[in-house]
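Shown below: target-v2.txt, with compact mmCIF, C-alpha atoms.
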```
# COMPACT_ATOMS: atom_id res chain seq x y z
CA MET Y 52 0.00 0.00 0.00
CA ALA Y 53 1.30 3.47 -0.85
CA ARG Y 54 1.47 6.10 1.87
CA ILE Y 55 2.20 9.77 2.31
CA THR Y 56 5.08 10.12 4.76
CA ALA Y 57 5.88 13.82 4.60
CA SER Y 58 4.86 17.19 3.25
CA VAL Y 59 6.97 20.10 2.12
CA TYR Y 60 5.84 23.73 1.83
CA THR Y 61 7.76 26.41 0.00
CA SER Y 62 7.44 29.65 -1.93
CA HIS Y 63 8.20 29.36 -5.65
CA VAL Y 64 9.49 32.82 -6.63
CA PRO Y 65 10.77 32.88 -10.27
CA ALA Y 66 13.79 35.05 -9.34
CA ILE Y 67 15.04 32.21 -7.12
CA GLY Y 68 15.23 30.00 -10.20
CA ALA Y 69 16.94 32.74 -12.18
CA ALA Y 70 19.49 33.32 -9.38
CA LEU Y 71 20.35 29.62 -9.34
CA ASP Y 72 20.46 29.27 -13.13
CA LEU Y 73 22.69 32.34 -13.49
CA GLY Y 74 25.11 31.19 -10.76
CA LYS Y 75 24.20 33.93 -8.28
CA SER Y 76 23.38 31.67 -5.32
CA ASP Y 77 26.53 32.75 -3.40
CA GLU Y 78 25.70 36.46 -3.63
CA PRO Y 79 24.78 37.74 -0.13
CA TYR Y 80 21.23 38.66 -1.19
CA TRP Y 81 20.50 35.15 -2.46
CA LYS Y 82 22.67 33.21 0.00
CA LYS Y 83 20.23 34.20 2.76
CA VAL Y 84 17.49 32.45 0.81
CA PHE Y 85 19.43 29.35 -0.19
CA ASP Y 86 20.90 28.84 3.31
CA GLY Y 87 17.36 28.17 4.49
CA TYR Y 88 17.25 25.12 2.20
CA GLU Y 89 20.59 23.51 3.08
CA PHE Y 90 18.94 21.26 5.66
CA SER Y 91 16.15 20.51 3.19
CA LYS Y 92 18.50 19.24 0.49
CA ARG Y 93 20.15 16.88 3.01
CA TRP Y 94 16.75 15.75 4.26
CA MET Y 95 15.64 15.13 0.68
CA ARG Y 96 18.69 12.91 0.02
CA GLU Y 97 18.19 10.98 3.26
CA ASN Y 98 14.42 10.62 2.84
CA LYS Y 99 14.13 10.22 -0.90
CA PRO Y 100 10.50 9.57 -1.84
CA ASP Y 101 9.37 7.29 -4.66
CA VAL Y 102 7.03 10.01 -5.96
CA VAL Y 103 6.43 13.69 -5.24
CA PHE Y 104 2.84 14.94 -5.62
CA LEU Y 105 3.52 18.61 -6.32
CA VAL Y 106 0.76 21.17 -5.84
CA TYR Y 107 1.52 24.45 -7.61
CA ASN Y 108 -0.06 27.02 -9.88
CA ASP Y 109 0.54 27.75 -13.51
CA HIS Y 110 1.33 31.43 -14.21
CA ALA Y 111 -0.30 31.87 -17.61
CA ASN Y 112 2.11 29.45 -19.26
CA ALA Y 113 0.37 26.10 -19.77
CA PHE Y 114 -3.07 27.68 -19.45
CA SER Y 115 -4.11 30.94 -21.11
CA LEU Y 116 -7.58 32.44 -20.76
CA GLU Y 117 -8.83 29.85 -23.26
CA LEU Y 118 -9.02 27.21 -20.54
CA ILE Y 119 -8.85 27.72 -16.78
CA PRO Y 120 -9.13 24.46 -14.82
CA THR Y 121 -9.60 24.92 -11.08
CA PHE Y 122 -7.75 21.67 -10.31
CA ALA Y 123 -5.65 19.93 -12.98
CA ILE Y 124 -3.81 16.65 -12.42
CA GLY Y 125 -0.96 15.66 -14.72
CA THR Y 126 -1.20 12.03 -15.80
CA ALA Y 127 1.52 12.18 -18.49
CA ALA Y 128 4.77 10.19 -18.63
CA GLU Y 129 6.80 13.40 -18.81
CA TYR Y 130 6.52 17.19 -18.90
CA GLU Y 131 8.52 19.75 -20.84
CA ILE Y 132 9.87 22.89 -19.15
CA ALA Y 133 7.84 25.99 -20.12
CA ASP Y 134 9.34 28.97 -21.94
CA GLU Y 135 7.91 31.80 -19.85
CA GLY Y 136 9.28 34.44 -22.19
CA TYR Y 137 12.93 34.26 -21.11
CA GLY Y 138 13.58 30.80 -22.64
CA PRO Y 139 13.00 27.54 -20.70
CA ARG Y 140 14.90 27.13 -17.40
CA PRO Y 141 17.96 24.89 -17.90
CA VAL Y 142 16.66 22.14 -15.64
CA PRO Y 143 15.92 18.45 -16.29
CA LYS Y 144 12.57 17.52 -17.79
CA VAL Y 145 10.03 16.28 -15.29
CA ILE Y 146 9.22 12.58 -15.30
CA GLY Y 147 5.66 11.77 -14.27
CA HIS Y 148 4.04 8.78 -12.61
CA PRO Y 149 1.09 8.04 -14.91
CA GLU Y 150 -0.11 4.95 -12.99
CA LEU Y 151 -0.38 6.61 -9.58
CA ALA Y 152 -1.68 9.86 -11.12
CA ALA Y 153 -4.46 8.03 -12.96
CA HIS Y 154 -5.32 6.10 -9.80
CA ILE Y 155 -5.54 9.33 -7.78
CA ALA Y 156 -7.63 11.00 -10.50
CA GLN Y 157 -10.10 8.11 -10.52
CA SER Y 158 -10.37 7.96 -6.74
CA VAL Y 159 -10.60 11.71 -6.13
CA ILE Y 160 -13.15 12.34 -8.90
CA GLN Y 161 -15.33 9.57 -7.49
CA ASP Y 162 -14.97 11.36 -4.18
CA ASP Y 163 -16.74 14.40 -5.74
CA PHE Y 164 -13.74 16.59 -6.65
CA ASP Y 165 -13.97 17.44 -10.34
CA LEU Y 166 -10.36 17.31 -11.47
CA THR Y 167 -9.27 18.14 -15.01
CA ILE Y 168 -7.02 15.43 -16.41
CA VAL Y 169 -4.06 16.78 -18.36
CA ASN Y 170 -1.68 14.82 -20.55
CA ARG Y 171 0.22 17.71 -22.11
CA MET Y 172 1.30 20.50 -19.81
CA PRO Y 173 4.56 22.43 -19.92
CA VAL Y 174 5.54 23.09 -16.29
CA ASP Y 175 6.65 26.56 -15.20
CA HIS Y 176 8.62 28.03 -12.28
CA GLY Y 177 5.77 27.22 -9.90
CA LEU Y 178 6.83 23.59 -10.17
CA THR Y 179 10.52 23.77 -11.07
CA VAL Y 180 11.67 26.31 -8.46
CA PRO Y 181 10.54 24.10 -5.53
CA LEU Y 182 12.35 21.14 -7.15
CA SER Y 183 15.51 23.25 -7.48
CA LEU Y 184 15.28 24.43 -3.87
CA MET Y 185 14.84 20.90 -2.53
CA CYS Y 186 17.12 19.00 -4.92
CA GLY Y 187 19.75 21.52 -6.08
CA GLN Y 188 20.99 21.22 -9.65
CA PRO Y 189 21.05 17.49 -10.52
CA LYS Y 190 21.24 16.04 -14.05
CA ALA Y 191 17.91 14.36 -13.43
CA TRP Y 192 15.30 14.93 -10.71
CA PRO Y 193 15.59 12.26 -8.00
CA CYS Y 194 12.10 10.80 -8.50
CA PRO Y 195 8.94 11.02 -10.58
CA VAL Y 196 6.64 13.99 -9.98
CA ILE Y 197 2.86 14.28 -10.34
CA PRO Y 198 2.09 17.93 -11.18
CA PHE Y 199 -1.14 19.21 -9.69
CA ALA Y 200 -2.03 22.71 -10.91
CA VAL Y 201 -4.51 24.92 -9.03
CA ASN Y 202 -6.09 28.04 -10.50
CA VAL Y 203 -5.12 30.96 -8.28
CA VAL Y 204 -4.86 33.47 -11.15
CA GLN Y 205 -8.48 34.23 -12.07
CA TYR Y 206 -10.98 34.69 -9.27
CA PRO Y 207 -12.68 32.95 -7.74
CA VAL Y 208 -9.96 30.52 -6.71
CA PRO Y 209 -10.94 27.45 -4.66
CA SER Y 210 -11.55 28.09 -0.96
CA GLY Y 211 -9.11 27.00 1.70
CA ARG Y 212 -11.74 24.63 3.01
CA ARG Y 213 -12.14 22.96 -0.38
CA CYS Y 214 -8.38 22.66 -0.73
CA PHE Y 215 -8.04 21.07 2.71
CA ASN Y 216 -10.77 18.52 1.98
CA LEU Y 217 -9.26 17.78 -1.42
CA GLY Y 218 -6.02 16.98 0.41
CA ARG Y 219 -7.90 14.46 2.51
CA ALA Y 220 -9.31 12.85 -0.63
CA ILE Y 221 -5.80 12.65 -2.10
CA ARG Y 222 -4.59 10.94 1.09
CA LYS Y 223 -7.35 8.35 0.80
CA ALA Y 224 -6.53 7.82 -2.88
CA VAL Y 225 -2.82 7.27 -2.22
CA GLU Y 226 -3.56 4.83 0.60
CA SER Y 227 -5.67 2.69 -1.72
CA TYR Y 228 -2.85 2.24 -4.26
CA ASP Y 229 -1.47 -1.30 -4.11
CA GLU Y 230 2.21 -0.70 -4.75
CA PRO Y 231 4.12 0.22 -1.54
CA LEU Y 232 5.24 3.68 -2.64
CA ASN Y 233 6.64 6.37 -0.35
CA VAL Y 234 4.91 9.58 -1.45
CA HIS Y 235 5.68 13.17 -0.46
CA ILE Y 236 3.18 15.93 -1.07
CA TRP Y 237 4.36 19.48 -1.59
CA GLY Y 238 2.34 22.67 -1.32
CA THR Y 239 3.94 25.68 -2.98
CA GLY Y 240 3.48 29.42 -3.58
CA GLY Y 241 3.17 32.38 -1.21
CA MET Y 242 3.93 33.70 1.26
CA SER Y 243 2.78 37.32 1.45
CA HIS Y 244 3.34 39.17 -1.80
CA GLN Y 245 1.60 41.48 -4.22
CA LEU Y 246 2.84 41.96 -7.77
CA GLN Y 247 0.41 44.57 -9.03
CA GLY Y 248 -0.74 48.13 -8.60
CA PRO Y 249 0.42 50.84 -6.20
CA ARG Y 250 0.24 48.28 -3.36
CA ALA Y 251 2.93 46.09 -5.01
CA GLY Y 252 5.64 44.96 -2.62
CA LEU Y 253 3.31 44.31 0.31
CA ILE Y 254 4.81 41.96 2.92
CA ASN Y 255 3.20 40.89 6.19
CA ALA Y 256 5.75 38.85 8.13
CA GLU Y 257 3.67 38.69 11.29
CA TRP Y 258 0.67 37.28 9.41
CA ASP Y 259 2.87 34.82 7.52
CA ASN Y 260 4.40 33.43 10.70
CA ARG Y 261 0.99 33.06 12.27
CA PHE Y 262 -0.08 31.18 9.13
CA LEU Y 263 2.87 28.80 9.56
CA ASP Y 264 1.98 28.25 13.25
CA ARG Y 265 -1.62 27.48 12.43
CA LEU Y 266 -0.78 25.30 9.42
CA ILE Y 267 1.22 23.10 11.78
CA ALA Y 268 -1.11 23.12 14.78
CA GLU Y 269 -4.68 23.74 13.60
CA PRO Y 270 -4.92 23.34 9.82
CA GLU Y 271 -8.63 22.59 9.79
CA ALA Y 272 -9.48 25.86 11.57
CA LEU Y 273 -7.04 27.69 9.30
CA SER Y 274 -8.78 26.27 6.24
CA LYS Y 275 -11.89 28.27 7.14
CA MET Y 276 -10.12 31.59 6.57
CA PRO Y 277 -11.93 33.45 3.76
CA HIS Y 278 -10.15 34.62 0.58
CA ILE Y 279 -10.52 38.26 1.47
CA GLU Y 280 -8.29 37.89 4.50
CA TYR Y 281 -5.45 36.44 2.40
CA VAL Y 282 -5.76 39.30 -0.08
CA ARG Y 283 -6.11 42.09 2.44
CA GLU Y 284 -3.40 40.87 4.82
CA ALA Y 285 -0.96 39.00 2.57
CA GLY Y 286 -1.37 40.71 -0.81
CA SER Y 287 -3.28 39.79 -3.96
CA GLU Y 288 -0.79 37.02 -4.80
CA GLY Y 289 -0.69 35.81 -1.18
CA ILE Y 290 -3.83 33.85 -2.11
CA GLU Y 291 -1.46 31.17 -3.45
CA LEU Y 292 -1.23 29.96 0.15
CA VAL Y 293 -4.54 28.08 -0.20
CA MET Y 294 -2.46 25.49 -2.07
CA TRP Y 295 -0.53 24.70 1.11
CA LEU Y 296 -3.80 23.46 2.61
CA ILE Y 297 -4.06 20.71 -0.01
CA ALA Y 298 -0.72 19.30 1.11
CA ARG Y 299 -1.63 19.72 4.78
CA GLY Y 300 -5.01 18.01 4.32
CA ALA Y 301 -3.20 15.02 2.83
CA MET Y 302 -1.24 14.49 6.07
CA SER Y 303 -2.46 12.18 8.83
CA ASP Y 304 -4.76 13.57 11.53
CA ASN Y 305 -2.01 13.12 14.15
CA ALA Y 306 0.21 16.09 15.00
CA PRO Y 307 3.10 16.14 12.53
CA ARG Y 308 6.80 16.29 13.40
CA VAL Y 309 8.24 19.65 12.33
CA ARG Y 310 11.58 18.82 10.75
CA HIS Y 311 12.36 22.27 9.40
CA ARG Y 312 10.99 25.80 9.43
CA PHE Y 313 12.40 28.81 7.60
CA PHE Y 314 11.19 32.33 6.87
CA HIS Y 315 12.98 35.14 5.08
CA VAL Y 316 12.18 38.51 3.49
CA PRO Y 317 12.73 39.23 0.65
CA ALA Y 318 13.23 37.17 -2.47
CA SER Y 319 12.45 39.72 -5.17
CA ASN Y 320 8.88 40.83 -4.28
CA THR Y 321 8.05 38.00 -1.92
CA ALA Y 322 8.28 36.63 1.62
CA VAL Y 323 9.81 33.16 1.51
CA GLY Y 324 8.32 30.55 3.83
CA HIS Y 325 9.30 26.91 4.09
CA LEU Y 326 8.28 23.93 6.22
CA ILE Y 327 9.00 20.22 6.26
CA LEU Y 328 6.44 18.15 8.18
CA GLU Y 329 6.65 14.40 8.69
CA ASN Y 330 3.79 12.12 9.55
CA THR Y 331 4.13 10.51 12.96
CA MET E 255 -28.70 39.42 -7.08
CA ALA E 256 -25.26 40.98 -7.45
CA LEU E 257 -22.27 38.91 -6.40
CA ASP E 258 -20.45 39.93 -3.26
CA LYS E 259 -17.07 41.47 -4.14
CA PRO E 260 -15.50 42.42 -0.82
CA TYR E 261 -12.09 42.90 -2.52
CA LYS E 262 -13.22 46.16 -4.14
CA ASN E 263 -12.25 48.17 -1.06
CA ILE E 264 -8.53 47.33 -0.96
CA PRO E 265 -6.34 50.24 -2.07
CA GLY E 266 -3.97 49.94 -5.03
CA THR E 267 -5.27 46.48 -5.88
CA THR E 268 -7.32 45.12 -8.79
CA ILE E 269 -8.57 41.57 -8.36
CA PHE E 270 -8.58 39.66 -11.62
CA ASP E 271 -12.10 38.28 -11.51
CA ALA E 272 -14.46 37.14 -14.25
CA GLU E 273 -15.43 40.73 -15.03
CA GLN E 274 -11.82 41.89 -15.46
CA SER E 275 -10.98 38.72 -17.38
CA ARG E 276 -13.78 39.32 -19.85
CA LYS E 277 -12.73 42.94 -20.32
CA GLY E 278 -9.07 41.99 -20.78
CA TYR E 279 -9.47 38.83 -22.84
CA TRP E 280 -7.72 40.01 -26.01
CA LEU E 281 -5.11 42.07 -24.15
CA ASN E 282 -4.12 38.98 -22.18
CA GLN E 283 -4.23 36.69 -25.20
CA PHE E 284 -1.98 39.15 -27.09
CA CYS E 285 0.43 38.85 -24.15
CA MET E 286 0.37 35.05 -24.42
CA SER E 287 1.38 35.31 -28.07
CA LEU E 288 4.70 36.81 -26.89
CA MET E 289 5.72 33.42 -25.52
CA LYS E 290 6.82 32.56 -29.07
CA ALA E 291 10.18 33.97 -30.17
CA ASP E 292 8.90 34.73 -33.70
CA ASN E 293 6.05 36.80 -32.31
CA ARG E 294 8.38 38.67 -29.95
CA ALA E 295 10.53 39.61 -32.94
CA ARG E 296 7.53 40.78 -34.97
CA PHE E 297 6.20 42.80 -32.03
CA LYS E 298 9.56 44.47 -31.46
CA ALA E 299 9.94 45.30 -35.18
CA ASP E 300 6.64 47.24 -35.28
CA GLU E 301 4.69 47.30 -32.02
CA ARG E 302 1.73 49.26 -33.34
CA ALA E 303 1.28 47.03 -36.39
CA TYR E 304 1.47 43.90 -34.24
CA LEU E 305 -1.07 45.28 -31.75
CA ASP E 306 -3.41 46.17 -34.61
CA GLU E 307 -3.65 42.46 -35.47
CA TRP E 308 -5.58 41.98 -32.21
CA PRO E 309 -9.16 43.04 -31.43
CA MET E 310 -7.97 45.10 -28.45
CA THR E 311 -9.36 48.48 -27.43
CA GLU E 312 -7.33 51.59 -28.21
CA GLU E 313 -6.91 52.14 -24.47
CA GLN E 314 -5.36 48.67 -24.11
CA LYS E 315 -3.01 49.30 -27.03
CA GLN E 316 -1.94 52.67 -25.61
CA GLY E 317 -1.32 51.06 -22.21
CA VAL E 318 0.96 48.48 -23.83
CA LEU E 319 2.83 51.02 -25.99
CA ALA E 320 3.43 53.21 -22.91
CA ARG E 321 4.38 50.12 -20.83
CA ASP E 322 1.98 51.51 -18.24
CA LEU E 323 1.08 48.36 -16.33
CA ASN E 324 -1.43 50.11 -14.05
CA ARG E 325 -3.30 51.27 -17.15
CA CYS E 326 -3.14 47.76 -18.62
CA ILE E 327 -4.51 46.25 -15.40
CA ALA E 328 -7.35 48.79 -15.30
CA ALA E 329 -8.16 47.69 -18.87
CA GLY E 330 -8.45 44.04 -17.84
CA GLY E 331 -4.84 42.88 -17.93
CA ASN E 332 -3.48 40.38 -15.42
CA ILE E 333 0.07 40.64 -14.18
CA TYR E 334 1.06 37.07 -15.11
CA PHE E 335 0.00 37.74 -18.69
CA LEU E 336 1.46 41.26 -18.77
CA ALA E 337 4.73 39.78 -17.55
CA LYS E 338 5.24 38.42 -21.09
CA ILE E 339 5.65 42.04 -22.27
CA GLY E 340 8.22 42.57 -19.52
CA ALA E 341 10.03 39.39 -20.53
CA THR E 342 10.09 40.61 -24.14
CA ASP E 343 11.67 43.84 -22.87
CA GLY E 344 14.15 41.91 -20.69
CA LYS E 345 12.64 43.18 -17.43
CA SER E 346 12.56 41.22 -14.18
CA PHE E 347 9.39 40.73 -12.15
CA GLN E 348 10.76 43.12 -9.56
CA GLN E 349 11.23 45.83 -12.19
CA MET E 350 7.68 45.25 -13.44
CA ALA E 351 6.10 45.30 -9.98
CA GLY E 352 8.10 48.36 -8.95
CA SER E 353 7.06 50.26 -12.08
CA MET E 354 3.47 50.34 -10.82
CA THR E 355 4.37 52.22 -7.64
CA GLY E 356 6.01 55.26 -9.20
CA MET E 357 9.19 54.47 -7.26
CA SER E 358 12.53 54.18 -9.00
CA GLU E 359 13.92 50.69 -9.41
CA GLU E 360 16.42 51.32 -6.62
CA GLU E 361 13.82 52.79 -4.26
CA TYR E 362 11.58 49.76 -4.74
CA ARG E 363 14.46 47.34 -4.29
CA GLN E 364 15.45 49.06 -1.04
CA MET E 365 11.86 48.95 0.22
CA MET E 366 11.86 45.18 -0.32
CA ILE E 367 15.23 44.69 1.38
CA LYS E 368 13.93 46.62 4.38
CA GLY E 369 11.05 44.16 4.75
CA GLY E 370 8.63 45.29 2.06
CA ARG E 371 5.59 47.53 2.11
CA SER E 372 3.71 47.58 5.41
CA VAL E 373 0.08 46.53 5.49
CA GLU E 374 -0.66 49.29 8.01
CA GLY E 375 -2.91 51.90 6.42
CA ASN E 376 -3.15 49.75 3.29
CA ARG E 377 -5.93 47.34 4.22
CA PHE E 378 -8.94 49.50 3.30
CA LEU E 379 -9.63 52.42 0.97
CA GLY E 380 -9.68 55.69 2.88
CA GLU E 381 -6.80 54.90 5.26
CA ASP E 382 -3.49 56.75 5.00
CA GLY E 383 -0.98 54.08 3.88
CA ASP E 384 1.49 54.58 1.03
CA ALA E 385 -0.60 52.55 -1.45
CA GLN E 386 -3.60 54.88 -1.15
CA SER E 387 -4.50 56.95 -4.22
CA HIS E 388 -3.78 60.32 -2.58
CA ARG E 389 -0.17 59.25 -2.00
CA GLN E 390 0.76 58.41 -5.62
CA PRO E 391 3.27 58.39 -7.14
CA GLN E 392 5.48 57.02 -4.39
CA GLY E 393 9.15 57.70 -3.73
CA ALA E 394 11.11 60.70 -4.99
CA ALA E 395 8.69 61.14 -7.90
CA GLY E 396 5.91 61.91 -5.39
CA ARG E 397 8.03 64.23 -3.24
CA LYS E 398 8.92 66.31 -6.28
CA GLY E 399 5.26 67.09 -6.85
CA ALA E 400 4.59 67.91 -3.17
```
Would you kindly transcribe this structure into structure tokens?
Amino acid sequence: MARITASVYTSHVPAIGAALDLGKSDEPYWKKVFDGYEFSKRWMRENKPDVVFLVYNDHANAFSLELIPTFAIGTAAEYEIADEGYGPRPVPKVIGHPELAAHIAQSVIQDDFDLTIVNRMPVDHGLTVPLSLMCGQPKAWPCPVIPFAVNVVQYPVPSGRRCFNLGRAIRKAVESYDEPLNVHIWGTGGMSHQLQGPRAGLINAEWDNRFLDRLIAEPEALSKMPHIEYVREAGSEGIELVMWLIARGAMSDNAPRVRHRFFHVPASNTAVGHLILENT
Amino acid sequence: MALDKPYKNIPGTTIFDAEQSRKGYWLNQFCMSLMKADNRARFKADERAYLDEWPMTEEQKQGVLARDLNRCIAAGGNIYFLAKIGATDGKSFQQMAGSMTGMSEEEYRQMMIKGGRSVEGNRFLGEDGDAQSHRQPQGAAGRKGA
């Protein structure tokens, strides 16, 4: 039987990818960000999963306004790296896990979550920056990845509550898969940031840290927070944090072990938050 | 019954909802076309001619030509789509975000290094934070006018 053993949460700022790709990770500005992931890279090597289920959002790369799926699960064998306008990031292509992905799609849809099934989807920085932060710059990613894209670009985005319950359905789906796979689930995006208008550059470190506390200790209560609070307190793009609740909902109901916690301002326009939680 | 849109009372912020998306459809789809190198080259060679191939409003075209991202957002643009124009121009996301505040690139960068923009006074319209309309443009550009 497959099981989810751990969850990882991290921001996915594009400039972090650019800093790494352009060899700037030792510059003082960026070193402060990357130092927060040194433990994580070791942990990843020592606790290598068989599959990562990676929750992220597409930033108008795979999906234009022609098609806006609220939840899209990648069931392909592999995924190309998106050209976001600067040329594709020089990172390995992403290998999928079509069997587990199809199993999860079938289980979760029968559990009343209407996923969109995607077999061709270039993956953007939302997915590749977390992989780079957790795995460094390998020739190939250490394991297959199931991309799970959430619409947080056009309102309304799914509620925190819906995301949390979807996580629970994903947990149930993974646990009914026959092969004994060790699965990690990652929730990415956030933390506080706003990329538009005269309010661009908004950061709310106090709110972010409270979010981290509550994500660890009382995720179900946290999932009831309405959209407007994310936007007002953490910036229009801070709404990405609802995706963290999918990963958290997929964890067991027991209190998790906090293996790592990191918070830093800024990376470009954004507050960087990061957690590693293990199931106990 | 009208839908509840509580996000209308946040200063300096336009939420990209169905209404904005409908208004900005062709502006955003034009932006998507810039993901192809050939289209970027054609756009750069004659911006006006390239824009005229799209059923965009004149206001949207003027916003793009002026690289005025606030104007583009008011006309239905979304920042992740508009970022393709910035990428075509070789701009970073920080340069694009900063351009909407009126601050210089260096002023905006320094604000971020110091911990970013405070939420105090910037939660609701009518407060006195730096994102409120009566305090634009921000930075030295605003002080000059004062």
> When the cut-off is 6 Å and we count only C-alpha atoms, which residues of chain E are near chain Y, given as number ranges by chain?
Replying inline: E: 266-267, 270-271, 289, 324, 334-335, 338, 341, 348, 351, 354-355, 369-371, 377, 385
> What lies within 8 Å of Tyr362 of chain E using all atoms listed in the file, ignoring chain neighbours under 4 positions off, as a list of chain:residue names?
Replying inline: Y:Gly252, E:Gly352, E:Met357, E:Ser358, E:Met366
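Excluding Ala301 of chain Y and any residue on its chain fewer than 6 positions from it, the residues at most 8 Å away by only C-alpha atoms are Ile55, Phe215, Leu217, Gly218, Arg219, Ala220, Ile221, Arg222 and Ile236 of chain Y.
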> If we count all atoms listed in the file, what is near segment 139-144 of chain Y at a cut-off of 10 Å, once residues fewer than 3 positions away on the same chain are taken out, given as a PyMOL selection string?
Replying inline: chain Y and resi 68-69+72-73+129-136+147+173-176+179-180+182-183+188-192
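Coordinates place atom CA of Glu312 of chain E at a distance of 16.5 Å from atom CA of Leu336 of chain E.
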